[in-house]
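Participant: So that you have it, the file is run_31.cif, and it contains mmCIF, C-alpha atoms:
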data_entry
#
loop_
_atom_site.label_atom_id
_atom_site.label_comp_id
_atom_site.auth_asym_id
_atom_site.auth_seq_id
_atom_site.Cartn_x
_atom_site.Cartn_y
_atom_site.Cartn_z
CA ASN V 1 -25.75 -86.41 -3.98
CA TYR V 2 -23.58 -89.46 -3.42
CA ALA V 3 -26.44 -91.76 -2.43
CA VAL V 4 -26.40 -95.25 -3.88
CA GLY V 5 -29.23 -97.64 -3.16
CA GLY V 6 -28.35 -100.73 -1.15
CA ARG V 7 -25.16 -99.30 0.36
CA CYS V 8 -24.09 -99.12 3.99
CA SER V 9 -22.20 -96.55 6.03
CA ASP V 10 -18.88 -98.08 4.97
CA HIS V 11 -19.71 -96.69 1.52
CA GLY V 12 -19.98 -93.26 3.13
CA GLU V 13 -16.49 -93.67 4.51
CA LEU V 14 -15.20 -94.32 0.99
CA LEU V 15 -16.72 -91.02 -0.12
CA ILE V 16 -15.04 -88.82 2.49
CA SER V 17 -12.34 -87.56 0.11
CA GLU V 18 -14.96 -86.67 -2.51
CA ILE V 19 -17.02 -84.87 0.13
CA ALA V 20 -13.92 -83.03 1.35
CA ILE V 21 -13.16 -81.73 -2.15
CA GLN V 22 -16.66 -80.20 -2.30
CA LYS V 23 -16.28 -78.47 1.11
CA PRO V 24 -20.06 -78.50 1.62
CA ASP V 25 -21.95 -76.27 4.04
CA LEU V 26 -24.43 -79.04 4.82
CA LEU V 27 -24.05 -82.81 4.88
CA VAL V 28 -27.09 -85.07 5.21
CA ILE V 29 -26.18 -88.57 6.37
CA ALA V 30 -28.97 -91.11 6.04
CA TYR V 31 -27.38 -94.53 6.39
CA GLY V 32 -28.95 -97.17 8.58
CA MET V 33 -31.49 -99.45 6.94
CA ASN V 34 -28.90 -101.51 5.06
CA ASP V 35 -26.37 -101.34 7.89
CA THR V 36 -28.72 -103.25 10.19
CA GLY V 37 -27.98 -106.45 8.31
CA TYR V 38 -24.21 -106.11 8.58
CA HIS V 39 -23.09 -103.87 11.44
CA ASP V 40 -23.92 -103.69 15.12
CA ALA V 41 -24.62 -100.31 16.74
CA PRO V 42 -20.98 -99.68 17.86
CA GLN V 43 -19.66 -100.36 14.34
CA TYR V 44 -22.34 -98.09 12.89
CA GLU V 45 -21.45 -95.36 15.39
CA ARG V 46 -17.73 -95.53 14.50
CA ARG V 47 -18.47 -95.22 10.79
CA ILE V 48 -20.88 -92.30 11.12
CA ARG V 49 -18.54 -90.51 13.55
CA HIS V 50 -15.65 -91.02 11.12
CA ILE V 51 -17.65 -89.54 8.23
CA ILE V 52 -18.54 -86.49 10.31
CA GLU V 53 -15.06 -85.91 11.75
CA GLU V 54 -13.20 -86.30 8.47
CA SER V 55 -15.72 -84.18 6.56
CA ARG V 56 -15.42 -81.45 9.20
CA ALA V 57 -11.64 -81.58 8.99
CA ALA V 58 -11.99 -80.38 5.39
CA ALA V 59 -14.91 -78.01 6.04
CA PRO V 60 -14.81 -76.83 9.69
CA GLU V 61 -18.09 -74.90 9.42
CA LEU V 62 -19.92 -77.96 8.09
CA GLU V 63 -23.38 -78.57 9.51
CA VAL V 64 -24.70 -82.12 9.60
CA ILE V 65 -28.17 -83.61 9.62
CA LEU V 66 -28.26 -87.24 10.73
CA VAL V 67 -31.39 -89.00 9.47
CA SER V 68 -32.49 -92.02 11.48
CA SER V 69 -33.96 -94.77 9.36
CA MET V 70 -37.53 -95.83 8.94
CA LEU V 71 -38.26 -99.18 10.55
CA GLY V 72 -37.94 -102.33 8.48
CA ASN V 73 -40.62 -104.97 8.63
CA SER V 74 -39.40 -107.40 11.30
CA GLU V 75 -41.56 -110.19 9.86
CA TRP V 76 -39.44 -110.17 6.73
CA LEU V 77 -36.08 -108.90 7.89
CA GLY V 78 -35.89 -111.15 10.91
CA LYS V 79 -34.74 -108.22 13.03
CA SER V 80 -36.54 -106.60 15.89
CA HIS V 81 -37.22 -102.92 15.76
CA GLU V 82 -34.79 -102.56 18.64
CA VAL V 83 -31.80 -102.39 16.28
CA PHE V 84 -33.36 -99.37 14.52
CA ARG V 85 -33.89 -97.69 17.88
CA GLU V 86 -30.27 -98.43 18.83
CA TYR V 87 -29.08 -96.84 15.59
CA ARG V 88 -31.28 -93.80 16.23
CA ASP V 89 -29.84 -93.50 19.74
CA VAL V 90 -26.32 -93.70 18.29
CA LEU V 91 -27.14 -90.82 15.96
CA ALA V 92 -28.63 -88.82 18.82
CA SER V 93 -25.42 -89.33 20.80
CA LEU V 94 -23.44 -87.75 17.95
CA CYS V 95 -25.51 -84.57 17.98
CA GLY V 96 -24.11 -81.33 19.31
CA ALA V 97 -22.88 -78.06 17.88
CA GLY V 98 -23.55 -78.18 14.15
CA THR V 99 -25.05 -81.68 14.17
CA VAL V 100 -28.76 -82.45 14.56
CA LEU V 101 -30.99 -85.49 14.31
CA ALA V 102 -33.92 -85.86 11.92
CA ASP V 103 -35.74 -88.63 13.78
CA LEU V 104 -37.70 -90.59 11.23
CA THR V 105 -37.51 -93.71 13.38
CA ALA V 106 -39.81 -92.25 16.04
CA LEU V 107 -42.29 -90.97 13.46
CA TRP V 108 -42.36 -94.33 11.65
CA GLU V 109 -42.84 -96.17 14.93
CA SER V 110 -45.72 -93.89 15.85
CA LEU V 111 -47.41 -94.35 12.48
CA LEU V 112 -47.16 -98.13 12.74
CA GLN V 113 -49.54 -97.91 15.70
CA ARG V 114 -52.28 -97.18 13.14
CA LYS V 115 -50.82 -98.10 9.76
CA THR V 116 -49.32 -101.26 8.27
CA PHE V 117 -46.00 -101.63 6.46
CA HIS V 118 -47.99 -101.85 3.23
CA ASP V 119 -49.44 -98.40 3.94
CA LEU V 120 -45.96 -96.86 4.27
CA THR V 121 -43.79 -98.90 1.92
CA GLY V 122 -43.76 -99.90 -1.71
CA ASN V 123 -42.67 -103.45 -0.97
CA GLY V 124 -44.11 -104.07 2.50
CA VAL V 125 -40.59 -104.40 3.86
CA ASN V 126 -38.03 -101.62 3.68
CA HIS V 127 -38.58 -99.27 0.73
CA PRO V 128 -40.82 -96.28 1.36
CA ASN V 129 -43.69 -95.63 -1.02
CA ASP V 130 -44.64 -92.10 -2.10
CA PHE V 131 -46.21 -91.43 1.31
CA GLY V 132 -43.11 -92.80 3.06
CA HIS V 133 -40.88 -90.53 0.98
CA ARG V 134 -43.09 -87.61 1.91
CA LEU V 135 -42.48 -88.47 5.57
CA TYR V 136 -38.72 -88.35 4.99
CA ALA V 137 -39.09 -84.96 3.29
CA ASP V 138 -41.31 -83.62 6.07
CA VAL V 139 -38.88 -84.67 8.80
CA LEU V 140 -35.96 -83.13 6.92
CA LEU V 141 -37.83 -79.88 6.33
CA ASP V 142 -38.90 -79.69 9.98
CA THR V 143 -35.27 -80.22 10.97
CA LEU V 144 -33.98 -77.55 8.56
CA LEU V 145 -36.62 -75.06 9.66
CA GLY V 146 -36.13 -75.83 13.34
CA ALA V 147 -39.78 -76.79 13.83
#
As a first step, turn the structure in this file into C-alpha cells.

Facilitator:
Amino acid sequence: NYAVGGRCSDHGELLISEIAIQKPDLLVIAYGMNDTGYHDAPQYERRIRHIIEESRAAAPELEVILVSSMLGNSEWLGKSHEVFREYRDVLASLCGAGTVLADLTALWESLLQRKTFHDLTGNGVNHPNDFGHRLYADVLLDTLLGA
C-alpha cells in the first residue's frame, strides 16, 4: 500500500519503479480527489495512463482497478461536480483487457439525491466518514467479484 493522504497522481508516477519491483498481480489506482485542484482531465489521464503502462511493462499480466473519486462538496471546494465526472470518464476510457472501473462517482452522485455531504463525509467536504469508507469498500468488492 503506497497510499499517502493528500497526494495526487503525480505521486503515483514517482512510485512506478517501486511498484515494478513488486511485480503485483493487481494494482488499485484511486487518485482523483486531490488532483482536481491541480490537474485538468487531460493531465490526469496522461498520469494515470503512464502509471498503468509502466507498471504493466514490469508485470505484463497485471490487472488494474481504477477507482473514480467520491464527489467533493462544491460549496467548499469551489469546483463543480463536472470535474469529477470528467475524471471518471477519463478512467472509463482507460478500461479494457485487464483494466476495470470501480465507479464510486456515480454511486456518490446518486446518494447525494437523498443524503447531504455531512451524511457521507467526516468533514462535510472531501473525506469520507465510516459510511463513506464502507461505500468505497462495497464498490471495490463488487468490482472484484464482478457483480

Participant: Pick out the closest residue to Ala57 of chain V from this set: V:Asn123, V:Thr99, V:Ser17, V:Gln113. Count all atoms listed in the file.

Facilitator: V:Ser17

Participant: How far is it from atom CA of Asp10 of chain V to atom CA of Arg47 of chain V, in Å with one decimal?

Facilitator: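 Calculated distance between atom CA of Asp10 of chain V and atom CA of Arg47 of chain V is 6.5 Å.
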
Participant: Show me, as number ranges by chain, the residues that have an atom within 12 Å of segment 41-45 of chain V when counting all atoms listed in the file, minus same-chain residues fewer than 5 positions from it.

Facilitator: V: 8-13, 30-36, 50-53, 66, 68, 82-95

Participant: Using all atoms listed in the file, find the one residue out of V:Phe131, V:Tyr38, V:Tyr2, V:Trp108 that sits nearest to Asn73 of chain V.

Facilitator: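 Of all the options, V:Trp108 lies closest to Asn73 of chain V.
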
Participant: Give me, as a list in words, all polymer residues having an atom no more than 12 Å from Asp130 of chain V, counting only C-alpha atoms and skipping those fewer than 6 positions away in the same chain.

Facilitator: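 Skipping anything fewer than 6 positions along the chain leaves His118, Asp119, Leu120, Thr121, Gly122, Asn123, Tyr136 and Ala137 of chain V.
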
Participant: Mind telling me what the PyMOL selection byres ((chain V and resi 28) around 10) catches here, as a PyMOL selection string?

Facilitator: chain V and resi 1+26-27+29-31+63-67+99-102+140

Participant: From the options V:Asp25, V:His127, V:Asp40, V:Leu104, which residue's atoms come nearest to Gly5 of chain V, counting only C-alpha atoms?

Facilitator: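 Nearest candidate to Gly5 of chain V out of V:Asp25, V:His127, V:Asp40, V:Leu104: V:His127.
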
Participant: Between atom CA of Leu135 of chain V and atom CA of Leu107 of chain V, what is the distance, to one decimal in Å?

Facilitator: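 Separation between atom CA of Leu135 of chain V and atom CA of Leu107 of chain V: 8.3 Å.
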
Participant: Atom CA of Ser55 of chain V and atom CA of Gly37 of chain V are how many Å apart?

Facilitator: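 Atom CA of Ser55 of chain V sits 25.5 Å away from atom CA of Gly37 of chain V.
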
Participant: For Pro60 of chain V, which of V:Gly72, V:Ala97, V:Val139, V:Arg46 is the closest residue, counting all atoms listed in the file?

Facilitator: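 Once distances to Pro60 of chain V are computed over all atoms listed in the file, the minimum belongs to V:Ala97.
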
Participant: Point out the residue among V:Pro24, V:Asn126, V:Glu18, V:Gly98 with the least atom-to-atom distance to Gly6 of chain V, counting only C-alpha atoms.

Facilitator: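 Ranked by minimum distance to Gly6 of chain V, first place goes to V:Asn126.
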